[in-house]
Structure formats: structure tokens, C-alpha cells
file target20.txt (compact mmCIF, C-alpha atoms)
# COMPACT_ATOMS: atom_id res chain seq x y z
CA MET Q 1419 118.02 137.32 140.15
CA LEU Q 1420 116.80 134.32 138.18
CA GLY Q 1421 119.13 135.25 135.32
CA MET Q 1422 122.11 135.38 137.64
CA THR Q 1423 121.18 131.95 139.03
CA LEU Q 1424 120.91 130.46 135.54
CA GLY Q 1425 124.21 132.10 134.55
CA SER Q 1426 125.95 130.72 137.60
CA ALA Q 1427 124.56 127.26 136.96
CA LEU Q 1428 125.65 127.38 133.30
CA LEU Q 1429 129.12 128.56 134.28
CA ALA Q 1430 129.38 125.83 136.88
CA ALA Q 1431 128.31 123.22 134.31
CA ILE Q 1432 130.90 124.50 131.82
CA VAL Q 1433 133.66 124.45 134.42
CA LYS Q 1434 132.64 120.96 135.51
CA GLY Q 1435 132.66 119.75 131.91
CA LEU Q 1436 136.06 121.29 131.24
CA LEU Q 1437 137.47 119.65 134.36
CA LYS Q 1438 136.12 116.27 133.23
CA ILE Q 1439 137.67 116.73 129.79
CA LEU Q 1440 140.98 117.77 131.35
CA LEU Q 1441 140.98 114.75 133.65
CA LEU Q 1442 140.08 112.52 130.68
CA ILE Q 1443 142.99 113.84 128.63
CA ILE Q 1444 145.42 113.42 131.54
CA GLY Q 1445 144.11 109.90 132.15
CA PHE Q 1446 144.42 109.08 128.44
CA PHE Q 1447 148.13 110.00 128.34
CA ILE Q 1448 148.85 108.22 131.62
CA VAL Q 1449 147.14 105.00 130.51
CA ARG Q 1450 148.82 105.16 127.10
CA THR Q 1451 152.26 105.56 128.66
CA ILE Q 1452 151.69 102.76 131.17
CA GLY Q 1453 150.24 100.47 128.49
CA LYS Q 1454 153.19 101.01 126.14
CA ASN Q 1455 155.67 100.31 128.93
CA VAL Q 1456 153.81 97.12 129.89
CA ILE Q 1457 153.82 95.91 126.26
CA ILE Q 1458 157.53 96.67 125.85
CA ARG Q 1459 158.45 94.88 129.10
CA THR Q 1460 156.24 91.91 128.19
CA PHE Q 1461 157.90 91.38 124.83
CA SER Q 1462 161.36 91.92 126.33
CA ARG Q 1463 160.72 89.11 128.82
CA MET Q 1464 159.26 86.98 126.04
CA GLN Q 1465 162.43 87.45 123.99
CA GLU Q 1466 164.61 86.39 126.91
CA GLN Q 1467 162.49 83.42 127.99
CA LYS Q 1468 161.57 82.00 124.58
CA ASN Q 1469 164.74 83.09 122.76
CA MET Q 1470 162.74 84.78 120.00
CA HIS Q 1471 164.41 86.56 117.10
CA PRO Q 1472 164.82 90.30 117.89
CA GLY Q 1473 163.26 91.30 114.57
CA ARG Q 1474 160.19 89.18 115.25
CA VAL Q 1475 159.85 90.67 118.73
CA GLN Q 1476 160.06 94.21 117.34
CA THR Q 1477 157.42 93.40 114.70
CA LEU Q 1478 154.89 92.02 117.19
CA MET Q 1479 155.64 94.70 119.77
CA LYS Q 1480 155.00 97.58 117.36
CA LEU Q 1481 151.83 95.93 116.10
CA SER Q 1482 150.56 95.44 119.67
CA ILE Q 1483 151.29 99.08 120.52
CA ASN Q 1484 149.35 100.23 117.45
CA VAL Q 1485 146.33 98.05 118.29
CA PHE Q 1486 146.43 99.23 121.92
CA SER Q 1487 146.55 102.88 120.78
CA TYR Q 1488 143.54 102.44 118.49
CA VAL Q 1489 141.48 100.74 121.21
CA LEU Q 1490 142.43 103.39 123.76
CA LEU Q 1491 141.51 106.17 121.32
CA PHE Q 1492 138.10 104.58 120.73
CA ILE Q 1493 137.48 104.43 124.49
CA PHE Q 1494 138.60 108.06 124.84
CA ILE Q 1495 136.17 109.24 122.16
CA THR Q 1496 133.34 107.18 123.67
CA ILE Q 1497 133.84 108.73 127.13
CA LEU Q 1498 134.24 112.20 125.61
CA ILE Q 1499 130.89 111.85 123.86
CA GLY Q 1500 129.34 110.76 127.16
CA ILE Q 1501 130.68 113.90 128.88
CA PHE Q 1502 128.74 116.04 126.40
CA GLY Q 1503 125.59 114.11 127.27
CA LEU Q 1504 125.15 112.46 123.89
CA GLU Q 1505 123.80 108.94 123.44
CA ILE Q 1506 126.54 106.68 122.16
CA ALA Q 1507 124.26 103.90 120.85
CA PRO Q 1508 122.55 105.95 118.09
CA ILE Q 1509 125.91 107.36 117.03
CA ILE Q 1510 127.41 103.86 116.74
CA ALA Q 1511 124.34 102.66 114.82
CA GLY Q 1512 124.57 105.62 112.46
CA ALA Q 1513 128.29 105.04 112.04
CA GLY Q 1514 127.54 101.42 111.22
CA ILE Q 1515 125.15 102.42 108.43
CA VAL Q 1516 127.60 104.95 107.04
CA GLY Q 1517 130.39 102.41 107.36
CA LEU Q 1518 128.36 99.88 105.40
CA ALA Q 1519 127.86 102.40 102.62
CA VAL Q 1520 131.52 103.39 102.60
CA GLY Q 1521 132.63 99.75 102.82
CA PHE Q 1522 131.77 99.13 99.20
CA GLY Q 1523 134.36 101.75 98.26
CA ALA Q 1524 136.89 100.62 100.83
CA GLN Q 1525 137.76 97.22 99.40
CA GLY Q 1526 141.39 98.31 99.12
CA LEU Q 1527 141.54 98.89 102.88
CA VAL Q 1528 140.08 95.44 103.55
CA SER Q 1529 142.61 93.94 101.14
CA ASP Q 1530 145.43 95.76 103.00
CA ILE Q 1531 144.32 94.32 106.34
CA VAL Q 1532 143.85 90.76 105.04
CA THR Q 1533 147.23 90.79 103.27
CA GLY Q 1534 148.94 92.28 106.33
CA PHE Q 1535 147.40 89.60 108.53
CA PHE Q 1536 148.84 86.80 106.40
CA ILE Q 1537 152.24 88.52 106.14
CA LEU Q 1538 152.40 88.51 109.94
CA LEU Q 1539 150.91 85.04 110.33
CA GLU Q 1540 153.31 83.43 107.85
CA LYS Q 1541 156.30 85.40 109.19
CA GLN Q 1542 157.23 86.55 105.70
CA VAL Q 1543 159.11 89.59 107.01
CA ASP Q 1544 160.29 90.92 110.35
CA VAL Q 1545 161.58 94.29 111.48
CA GLU Q 1546 165.23 94.85 110.42
CA ASP Q 1547 164.97 92.33 107.56
CA TYR Q 1548 166.47 93.34 104.21
CA VAL Q 1549 163.71 92.77 101.66
CA SER Q 1550 162.53 93.58 98.15
CA ALA Q 1551 158.79 94.27 97.95
CA ALA Q 1552 156.57 96.24 95.56
CA GLY Q 1553 159.66 97.33 93.63
CA ILE Q 1554 161.36 98.73 96.76
CA ASP Q 1555 164.63 97.48 98.27
CA GLY Q 1556 165.44 98.29 101.86
CA VAL Q 1557 165.25 97.40 105.54
CA VAL Q 1558 161.86 96.82 107.18
CA GLU Q 1559 161.12 99.30 109.96
CA GLU Q 1560 157.52 98.38 110.75
CA VAL Q 1561 154.96 95.80 109.67
CA GLY Q 1562 151.34 96.83 110.23
CA LEU Q 1563 147.93 95.49 109.30
CA ARG Q 1564 147.51 98.23 106.68
CA THR Q 1565 150.98 99.31 105.57
CA THR Q 1566 154.55 98.09 105.70
CA GLN Q 1567 157.34 100.64 106.22
CA ILE Q 1568 160.63 100.02 104.39
CA ARG Q 1569 163.67 102.28 104.76
CA GLY Q 1570 165.53 102.54 101.44
CA PHE Q 1571 169.31 102.58 101.33
CA ASP Q 1572 169.22 106.26 100.36
CA GLY Q 1573 167.40 107.02 103.62
CA THR Q 1574 163.89 107.32 102.16
CA LEU Q 1575 161.09 105.80 104.24
CA HIS Q 1576 158.56 104.05 101.98
CA PHE Q 1577 154.98 103.39 103.15
CA ILE Q 1578 153.71 100.46 101.08
CA PRO Q 1579 150.03 99.43 101.22
CA ASN Q 1580 149.99 95.72 101.96
CA ARG Q 1581 147.76 94.95 98.97
CA GLU Q 1582 150.61 96.04 96.67
CA ILE Q 1583 152.96 93.42 98.14
CA SER Q 1584 152.32 90.51 95.79
CA THR Q 1585 155.84 89.07 96.13
CA VAL Q 1586 158.32 89.43 98.99
CA ASN Q 1587 162.02 88.68 98.52
CA ASN Q 1588 163.54 88.34 101.98
CA HIS Q 1589 167.32 88.59 101.76
CA SER Q 1590 167.84 88.13 105.50
CA ARG Q 1591 166.91 84.48 105.88
CA GLY Q 1592 170.16 82.51 105.92
CA ASN Q 1593 173.67 83.46 104.88
CA MET Q 1594 174.19 85.90 102.01
CA ARG Q 1595 176.37 85.59 98.94
CA ALA Q 1596 179.44 87.74 98.43
CA MET Q 1597 180.55 87.68 94.79
CA VAL Q 1598 183.48 89.52 93.23
CA ASP Q 1599 184.70 89.43 89.63
CA ILE Q 1600 188.37 90.29 89.06
CA SER Q 1601 189.84 90.94 85.60
CA ILE Q 1602 193.39 90.13 84.50
CA SER Q 1603 195.04 90.69 81.13
CA TYR Q 1604 195.39 88.00 78.46
CA ASP Q 1605 199.18 88.16 78.86
CA ASP Q 1606 199.13 87.02 82.51
CA ASN Q 1607 199.26 83.42 83.71
CA ILE Q 1608 195.76 82.37 84.81
CA ASP Q 1609 196.92 79.65 87.23
CA GLU Q 1610 199.27 82.07 88.96
CA ALA Q 1611 196.52 84.71 89.25
CA VAL Q 1612 194.08 82.14 90.67
CA GLN Q 1613 196.60 81.08 93.30
CA VAL Q 1614 197.33 84.67 94.31
CA LEU Q 1615 193.62 85.44 94.64
CA GLN Q 1616 192.95 82.26 96.63
CA ASN Q 1617 195.69 83.20 99.08
CA VAL Q 1618 193.98 86.56 99.53
CA CYS Q 1619 190.64 84.83 100.15
CA ASP Q 1620 192.13 82.47 102.75
CA GLN Q 1621 193.80 85.34 104.57
CA LEU Q 1622 190.61 87.42 104.65
CA ALA Q 1623 188.55 84.43 105.84
CA SER Q 1624 190.88 83.98 108.82
CA GLU Q 1625 190.48 87.65 109.78
CA GLU Q 1626 186.75 88.22 109.22
CA PRO Q 1627 184.27 86.37 111.47
CA ALA Q 1628 181.43 87.62 109.25
CA ILE Q 1629 182.58 85.20 106.52
CA LYS Q 1630 180.73 81.90 106.99
CA GLU Q 1631 181.88 79.96 103.92
CA GLY Q 1632 184.80 80.46 101.53
CA PRO Q 1633 185.49 82.71 99.79
CA ASP Q 1634 186.81 80.53 96.98
CA VAL Q 1635 188.13 81.32 93.52
CA LEU Q 1636 185.79 79.49 91.15
CA GLY Q 1637 187.93 80.05 88.06
CA VAL Q 1638 187.51 81.80 84.75
CA GLN Q 1639 184.03 83.31 84.47
CA GLY Q 1640 184.29 84.88 81.03
CA PHE Q 1641 186.36 86.64 78.41
CA GLY Q 1642 186.12 90.36 77.71
CA ASP Q 1643 187.53 92.49 74.93
CA SER Q 1644 190.77 92.97 76.80
CA ASP Q 1645 190.47 90.92 79.97
CA VAL Q 1646 189.95 87.48 81.48
CA VAL Q 1647 187.29 87.56 84.24
CA ILE Q 1648 187.93 85.44 87.35
CA ARG Q 1649 185.06 84.95 89.83
CA ILE Q 1650 185.31 84.72 93.63
CA LEU Q 1651 182.35 83.49 95.68
CA GLY Q 1652 181.71 83.22 99.42
CA LYS Q 1653 178.94 83.37 102.02
CA THR Q 1654 178.62 85.90 104.82
CA GLU Q 1655 176.30 86.89 107.64
CA ASN Q 1656 173.18 88.85 106.72
CA MET Q 1657 173.86 92.46 105.72
CA GLU Q 1658 177.63 91.89 105.79
CA GLN Q 1659 178.05 90.85 102.15
CA TRP Q 1660 178.71 94.34 100.79
CA GLY Q 1661 181.44 95.09 103.30
CA ILE Q 1662 183.16 91.77 102.60
CA GLU Q 1663 182.98 92.39 98.84
CA ARG Q 1664 184.64 95.78 99.27
CA LYS Q 1665 187.43 94.29 101.38
CA LEU Q 1666 187.91 91.49 98.86
CA ARG Q 1667 188.28 93.91 95.97
CA LYS Q 1668 190.82 96.02 97.85
CA ALA Q 1669 192.88 93.02 98.99
CA CYS Q 1670 192.81 91.43 95.50
CA LYS Q 1671 193.96 94.64 93.83
CA GLU Q 1672 196.87 95.02 96.24
CA ALA Q 1673 197.91 91.36 95.83
CA LEU Q 1674 197.78 91.50 92.05
CA ASP Q 1675 199.86 94.67 91.99
CA LYS Q 1676 202.39 93.08 94.34
CA ASN Q 1677 202.77 90.07 92.07
CA GLY Q 1678 203.00 92.07 88.85
CA ILE Q 1679 199.64 90.89 87.52
CA LYS Q 1680 197.90 93.66 85.62
CA ILE Q 1681 194.25 94.60 85.80
CA PRO Q 1682 193.53 95.78 82.23
CA TYR Q 1683 191.80 99.00 81.37
CA PRO Q 1684 190.55 100.39 78.04
CA HIS Q 1685 193.21 101.71 75.68
CA GLN Q 1686 192.77 103.91 72.66
CA VAL Q 1687 195.14 103.84 69.70
CA TYR Q 1688 195.22 106.75 67.29
CA VAL Q 1689 196.50 106.17 63.76
CA ASP Q 1690 197.54 109.22 61.81
CA LYS Q 1691 197.20 108.58 58.11
CA ARG Q 1692 198.86 111.13 55.91
CA GLN Q 1693 198.59 111.15 52.19
CA GLU Q 1694 201.83 111.74 50.32
CA ALA Q 1695 201.71 114.56 47.88

call {"tool": "encode", "arguments": {"input": "target20.txt", "output": "C-alpha cells"}}
result
Amino acid sequence: MLGMTLGSALLAAIVKGLLKILLLIIGFFIVRTIGKNVIIRTFSRMQEQKNMHPGRVQTLMKLSINVFSYVLLFIFITILIGIFGLEIAPIIAGAGIVGLAVGFGAQGLVSDIVTGFFILLEKQVDVEDYVSAAGIDGVVEEVGLRTTQIRGFDGTLHFIPNREISTVNNHSRGNMRAMVDISISYDDNIDEAVQVLQNVCDQLASEEPAIKEGPDVLGVQGFGDSDVVIRILGKTENMEQWGIERKLRKACKEALDKNGIKIPYPHQVYVDKRQEA
């Protein structure tokens, strides 16, 4: 009889504990969802009211969500330990001692956090900026206190520890340069070619709102083995320079063909030497 009573009490305790854990898990997901929505709405209103740059808003919003998730996870673990009847204070004290011992080998992590803090504080990069950092070129997807995520142009997502970012080249601050070199043959009239190319530039500038300055034909850039190189330079909106360069090349090729100006290409001449008998 006593055994049945103890068994029933143990079963009741187990069921009660499982229910508490289930409720804790459900509460965790509910609070996390509500918290994320509140953060997103807060930064959306901030962007509208203070006219903040969208990339900056995305950067701070993702960082806030990460910090909120870490804090919520810590609270979840703390309550979960309490459900099992364990004392949280000794565990935290023990974790502090272990953390102190591990800290001597975790200098890289500290360096990541410190560097990430100053990257955010100094606004060196924002989400959706085109940057070069740690030998990687691409578009920033997330800036965190430990790592920075950069999406390469081939689609690869690079996770770069912040301590490895010694120099950041941000290509998205201000207008970008669109530069095209066009070759003509030595037999063609340079002044005529320059005028034809400038007409193309003026026409494209009137059609493309992404062009902010120029493009202008600067003149002869250099001399090749079989060509005269003429340089065109303009300024465009961020991330639009490559598209404008492609359109410039196409329009210049068509205009040169229309005006009988040749774009040279390598030729090979074979000489057959025959010895007379």
C-alpha cells in the first residue's frame, strides 16, 4: 500500500514537472514571437519618424533581435533549472569560475565582440552595403557583435569573425564610378570617334536616371599593339555601375559600327618561306 502511494506521488510529480516544462516551452515561443514583432515594429516606426537609412535600420534591428534571443534563452534555462529543483546560485558561481579559466583561451572571442562593437558604433557598414572586408567582396547581410555575414556575388554566404576585419572598404557610401575603355584602330580619326562616343554618352544619360554625373569621354587613355584606347567615365547610384557599364559598351559598339569605326582585334599573318631548289 505504501509502495503504491509512493509510486502515485512520484508519477504525479513527474506529470507536474512535464506540464511545467511544456508550459515553459510554449511561453518561450510566445514571448519570442511577441518580442520579435515588437522590435520590428519599433524600428519600422523609427525609420519613418527619424528618416533613418534602411540599411542602418536593418543592422540595428537584427542585432536587437539577437540580443533579445540570447537574454530570453538565458531566462528559459534559469527557469528550467528551477523546475528541476536545482539551486541556480551555485551553478552560476561554478560557471563563473569555469568561465574565468576558459577566458584566458577565449581572447579571440573578446576581440570579436570589441571589434564588432566599434564597427556598429562608428557605422562602418550597414546591411545591404557593398563592401570589401577580410579579402571578401560582397553585400552585407548581417552585422553582429561576433561575426559579420557577407553574401558574395557568386551566392556564397561568408561568416567573417570581426577580429579579422582590419580594413573595411565600403563601396556604398556616395555615388559609384562607371568606367569603360573603348578601343579603335590606328587608321580611324580619333576626334570623330570621340564625338561619336560622346553622343552615345549624352543619349544614355538622358535615358538612365541611375546616372548621376556624365558619362564623359576623357580622351585617349593609352596605345596598344593594334589599338588606341579611349576612356569614358561617369558616376552612378550605388550598385548600378555595372549595369550602366554594360549598357555603355553595347551602345558604343553599335554607334562605332554605324559610323564605320572599327574596333580592332588580334590578327595573325602567316609567311610561307620556300627555298628554291

call {"tool": "atom_distance", "arguments": {"input": "target20.txt", "atom1": "CA of Glu1625 in chain Q", "atom2": "CA of Val1612 in chain Q"}}
result
20.2 Å

call {"tool": "residues_around", "arguments": {"input": "target20.txt", "residues": "range 1669-1680 of chain Q", "least_positions_apart": "3", "cutoff": "9 Å", "atoms": "all atoms listed in the file", "output": "list in words"}}
result
Ile1600, Ser1601, Ile1602, Ser1603, Asp1605, Asp1606, Asn1607, Glu1610, Ala1611, Val1614, Leu1615, Val1618, Cys1619, Leu1622, Arg1664, Lys1665 and Leu1666 of chain Q

call {"tool": "write_last_selection", "arguments": {"input": "target20.txt", "atoms": "C-alpha atoms", "output": "compact mmCIF listing (two decimals), in the coordinates of the input"}}
result
# COMPACT_ATOMS: atom_id res chain seq x y z
CA ILE Q 1600 188.37 90.29 89.06
CA SER Q 1601 189.84 90.94 85.60
CA ILE Q 1602 193.39 90.13 84.50
CA SER Q 1603 195.04 90.69 81.13
CA ASP Q 1605 199.18 88.16 78.86
CA ASP Q 1606 199.13 87.02 82.51
CA ASN Q 1607 199.26 83.42 83.71
CA GLU Q 1610 199.27 82.07 88.96
CA ALA Q 1611 196.52 84.71 89.25
CA VAL Q 1614 197.33 84.67 94.31
CA LEU Q 1615 193.62 85.44 94.64
CA VAL Q 1618 193.98 86.56 99.53
CA CYS Q 1619 190.64 84.83 100.15
CA LEU Q 1622 190.61 87.42 104.65
CA ARG Q 1664 184.64 95.78 99.27
CA LYS Q 1665 187.43 94.29 101.38
CA LEU Q 1666 187.91 91.49 98.86

call {"tool": "axis_aligned_box", "arguments": {"input": "target20.txt", "around": "range 1666-1669 of chain Q", "padding_each_side": "3 Å", "output": "JSON"}}
result
{"center_x": 190.4, "center_y": 93.8, "center_z": 97.5, "size_x": 11.0, "size_y": 10.5, "size_z": 9.0}

call {"tool": "atom_distance", "arguments": {"input": "target20.txt", "atom1": "CA of Asp1634 in chain Q", "atom2": "CA of Arg1649 in chain Q"}}
result
8.6 Å

call {"tool": "closest_residue", "arguments": {"input": "target20.txt", "among": "Q:Asp1555, Q:Ile1531, Q:Asp1599, Q:His1576", "to": "Ile1648 in chain Q", "atoms": "only C-alpha atoms"}}
result
Q:Asp1599

call {"tool": "closest_residue", "arguments": {"input": "target20.txt", "among": "Q:Pro1682, Q:Gln1613, Q:Val1489, Q:Leu1442", "to": "Gly1642 in chain Q", "atoms": "all atoms listed in the file"}}
result
Q:Pro1682

call {"tool": "atom_distance", "arguments": {"input": "target20.txt", "atom1": "CA of Arg1569 in chain Q", "atom2": "CA of Asp1544 in chain Q"}}
result
13.1 Å

call {"tool": "closest_residue", "arguments": {"input": "target20.txt", "among": "Q:Leu1538, Q:Ile1681, Q:Ile1583, Q:Ile1458", "to": "Ile1554 in chain Q", "atoms": "only C-alpha atoms"}}
result
Q:Ile1583

call {"tool": "residues_around", "arguments": {"input": "target20.txt", "residues": "Arg1591 in chain Q", "least_positions_apart": "5", "cutoff": "12 Å", "atoms": "only C-alpha atoms", "output": "PyMOL selection string"}}
result
chain Q and resi 1471+1473+1541-1544+1546-1549+1654-1657

call {"tool": "closest_residue", "arguments": {"input": "target20.txt", "among": "Q:Ile1444, Q:Lys1480, Q:His1589, Q:Asp1530", "to": "Glu1559 in chain Q", "atoms": "only C-alpha atoms"}}
result
Q:Lys1480

call {"tool": "residues_around", "arguments": {"input": "target20.txt", "residues": "Val1485 in chain Q", "least_positions_apart": "6", "cutoff": "12 Å", "atoms": "all atoms listed in the file", "output": "ChimeraX atom specification"}}
result
/Q:1450,1453-1454,1457,1478-1479,1491-1492,1562-1564

call {"tool": "write_last_selection", "arguments": {"input": "target20.txt", "atoms": "C-alpha atoms", "output": "PDB file, in the coordinates of the input"}}
result
ATOM      1  CA  ARG Q1450     148.820 105.160 127.100  1.00  0.00           C
ATOM      2  CA  GLY Q1453     150.240 100.470 128.490  1.00  0.00           C
ATOM      3  CA  LYS Q1454     153.190 101.010 126.140  1.00  0.00           C
ATOM      4  CA  ILE Q1457     153.820  95.910 126.260  1.00  0.00           C
ATOM      5  CA  LEU Q1478     154.890  92.020 117.190  1.00  0.00           C
ATOM      6  CA  MET Q1479     155.640  94.700 119.770  1.00  0.00           C
ATOM      7  CA  LEU Q1491     141.510 106.170 121.320  1.00  0.00           C
ATOM      8  CA  PHE Q1492     138.100 104.580 120.730  1.00  0.00           C
ATOM      9  CA  GLY Q1562     151.340  96.830 110.230  1.00  0.00           C
ATOM     10  CA  LEU Q1563     147.930  95.490 109.300  1.00  0.00           C
ATOM     11  CA  ARG Q1564     147.510  98.230 106.680  1.00  0.00           C
TER      12      ARG Q1564
END

call {"tool": "residues_around", "arguments": {"input": "target20.txt", "residues": "Glu1560 in chain Q", "least_positions_apart": "2", "cutoff": "7 Å", "atoms": "all atoms listed in the file", "output": "list of chain:residue names"}}
result
Q:Thr1477, Q:Val1545, Q:Val1558, Q:Gly1562, Q:Thr1566, Q:Gln1567

call {"tool": "closest_residue", "arguments": {"input": "target20.txt", "among": "Q:Ile1537, Q:Leu1490, Q:Val1647, Q:Ala1551", "to": "Ile1608 in chain Q", "atoms": "only C-alpha atoms"}}
result
Q:Val1647

call {"tool": "closest_residue", "arguments": {"input": "target20.txt", "among": "Q:Ile1493, Q:Val1557, Q:Ile1662, Q:Val1586", "to": "Ala1623 in chain Q", "atoms": "only C-alpha atoms"}}
result
Q:Ile1662

call {"tool": "build_atoms", "arguments": {"input": "target20.txt", "residues": "range 1552-1578 of chain Q", "atoms": "N, CA and C atoms", "output": "PDB file, keeping the file's coordinate frame"}}
result
ATOM      1  N   ALA Q1552     157.261  95.185  96.321  1.00  0.00           N
ATOM      2  CA  ALA Q1552     156.570  96.240  95.560  1.00  0.00           C
ATOM      3  C   ALA Q1552     157.558  97.146  94.837  1.00  0.00           C
ATOM      4  N   GLY Q1553     158.661  96.563  94.358  1.00  0.00           N
ATOM      5  CA  GLY Q1553     159.660  97.330  93.630  1.00  0.00           C
ATOM      6  C   GLY Q1553     160.580  98.160  94.501  1.00  0.00           C
ATOM      7  N   ILE Q1554     160.539  97.969  95.816  1.00  0.00           N
ATOM      8  CA  ILE Q1554     161.360  98.730  96.760  1.00  0.00           C
ATOM      9  C   ILE Q1554     162.339  97.789  97.449  1.00  0.00           C
ATOM     10  N   ASP Q1555     163.606  98.199  97.510  1.00  0.00           N
ATOM     11  CA  ASP Q1555     164.630  97.480  98.270  1.00  0.00           C
ATOM     12  C   ASP Q1555     164.962  98.280  99.518  1.00  0.00           C
ATOM     13  N   GLY Q1556     165.068  97.591 100.646  1.00  0.00           N
ATOM     14  CA  GLY Q1556     165.440  98.290 101.860  1.00  0.00           C
ATOM     15  C   GLY Q1556     165.263  97.433 103.090  1.00  0.00           C
ATOM     16  N   VAL Q1557     165.339  98.071 104.244  1.00  0.00           N
ATOM     17  CA  VAL Q1557     165.250  97.400 105.540  1.00  0.00           C
ATOM     18  C   VAL Q1557     163.887  97.699 106.155  1.00  0.00           C
ATOM     19  N   VAL Q1558     163.201  96.661 106.608  1.00  0.00           N
ATOM     20  CA  VAL Q1558     161.860  96.820 107.180  1.00  0.00           C
ATOM     21  C   VAL Q1558     161.955  97.525 108.530  1.00  0.00           C
ATOM     22  N   GLU Q1559     161.163  98.575 108.695  1.00  0.00           N
ATOM     23  CA  GLU Q1559     161.120  99.300 109.960  1.00  0.00           C
ATOM     24  C   GLU Q1559     159.856  98.997 110.758  1.00  0.00           C
ATOM     25  N   GLU Q1560     158.769  98.694 110.042  1.00  0.00           N
ATOM     26  CA  GLU Q1560     157.520  98.380 110.750  1.00  0.00           C
ATOM     27  C   GLU Q1560     156.603  97.600 109.833  1.00  0.00           C
ATOM     28  N   VAL Q1561     155.943  96.596 110.402  1.00  0.00           N
ATOM     29  CA  VAL Q1561     154.960  95.800 109.670  1.00  0.00           C
ATOM     30  C   VAL Q1561     153.616  95.989 110.368  1.00  0.00           C
ATOM     31  N   GLY Q1562     152.657  96.588 109.662  1.00  0.00           N
ATOM     32  CA  GLY Q1562     151.340  96.830 110.230  1.00  0.00           C
ATOM     33  C   GLY Q1562     150.266  96.073 109.479  1.00  0.00           C
ATOM     34  N   LEU Q1563     149.039  96.154 109.975  1.00  0.00           N
ATOM     35  CA  LEU Q1563     147.930  95.490 109.300  1.00  0.00           C
ATOM     36  C   LEU Q1563     147.529  96.211 108.022  1.00  0.00           C
ATOM     37  N   ARG Q1564     147.890  97.486 107.885  1.00  0.00           N
ATOM     38  CA  ARG Q1564     147.510  98.230 106.680  1.00  0.00           C
ATOM     39  C   ARG Q1564     148.691  98.543 105.783  1.00  0.00           C
ATOM     40  N   THR Q1565     149.805  98.951 106.363  1.00  0.00           N
ATOM     41  CA  THR Q1565     150.980  99.310 105.570  1.00  0.00           C
ATOM     42  C   THR Q1565     152.232  98.662 106.144  1.00  0.00           C
ATOM     43  N   THR Q1566     153.223  98.546 105.295  1.00  0.00           N
ATOM     44  CA  THR Q1566     154.550  98.090 105.700  1.00  0.00           C
ATOM     45  C   THR Q1566     155.538  99.211 105.395  1.00  0.00           C
ATOM     46  N   GLN Q1567     156.378  99.544 106.381  1.00  0.00           N
ATOM     47  CA  GLN Q1567     157.340 100.640 106.220  1.00  0.00           C
ATOM     48  C   GLN Q1567     158.720 100.055 105.934  1.00  0.00           C
ATOM     49  N   ILE Q1568     159.311 100.495 104.810  1.00  0.00           N
ATOM     50  CA  ILE Q1568     160.630 100.020 104.390  1.00  0.00           C
ATOM     51  C   ILE Q1568     161.544 101.225 104.209  1.00  0.00           C
ATOM     52  N   ARG Q1569     162.682 101.197 104.858  1.00  0.00           N
ATOM     53  CA  ARG Q1569     163.670 102.280 104.760  1.00  0.00           C
ATOM     54  C   ARG Q1569     164.640 101.946 103.628  1.00  0.00           C
ATOM     55  N   GLY Q1570     164.627 102.748 102.554  1.00  0.00           N
ATOM     56  CA  GLY Q1570     165.530 102.540 101.440  1.00  0.00           C
ATOM     57  C   GLY Q1570     166.959 102.845 101.825  1.00  0.00           C
ATOM     58  N   PHE Q1571     167.901 102.383 101.002  1.00  0.00           N
ATOM     59  CA  PHE Q1571     169.310 102.580 101.330  1.00  0.00           C
ATOM     60  C   PHE Q1571     169.755 104.029 101.120  1.00  0.00           C
ATOM     61  N   ASP Q1572     168.915 104.842 100.473  1.00  0.00           N
ATOM     62  CA  ASP Q1572     169.220 106.260 100.360  1.00  0.00           C
ATOM     63  C   ASP Q1572     168.612 107.066 101.508  1.00  0.00           C
ATOM     64  N   GLY Q1573     167.981 106.366 102.455  1.00  0.00           N
ATOM     65  CA  GLY Q1573     167.400 107.020 103.620  1.00  0.00           C
ATOM     66  C   GLY Q1573     165.908 107.298 103.511  1.00  0.00           C
ATOM     67  N   THR Q1574     165.318 107.059 102.345  1.00  0.00           N
ATOM     68  CA  THR Q1574     163.890 107.320 102.160  1.00  0.00           C
ATOM     69  C   THR Q1574     163.046 106.259 102.860  1.00  0.00           C
ATOM     70  N   LEU Q1575     162.007 106.714 103.581  1.00  0.00           N
ATOM     71  CA  LEU Q1575     161.090 105.800 104.240  1.00  0.00           C
ATOM     72  C   LEU Q1575     159.874 105.600 103.344  1.00  0.00           C
ATOM     73  N   HIS Q1576     159.657 104.365 102.884  1.00  0.00           N
ATOM     74  CA  HIS Q1576     158.560 104.050 101.980  1.00  0.00           C
ATOM     75  C   HIS Q1576     157.407 103.419 102.763  1.00  0.00           C
ATOM     76  N   PHE Q1577     156.189 103.956 102.566  1.00  0.00           N
ATOM     77  CA  PHE Q1577     154.980 103.390 103.150  1.00  0.00           C
ATOM     78  C   PHE Q1577     154.266 102.620 102.047  1.00  0.00           C
ATOM     79  N   ILE Q1578     154.262 101.294 102.139  1.00  0.00           N
ATOM     80  CA  ILE Q1578     153.710 100.460 101.080  1.00  0.00           C
ATOM     81  C   ILE Q1578     152.398  99.841 101.555  1.00  0.00           C
TER      82      ILE Q1578
END
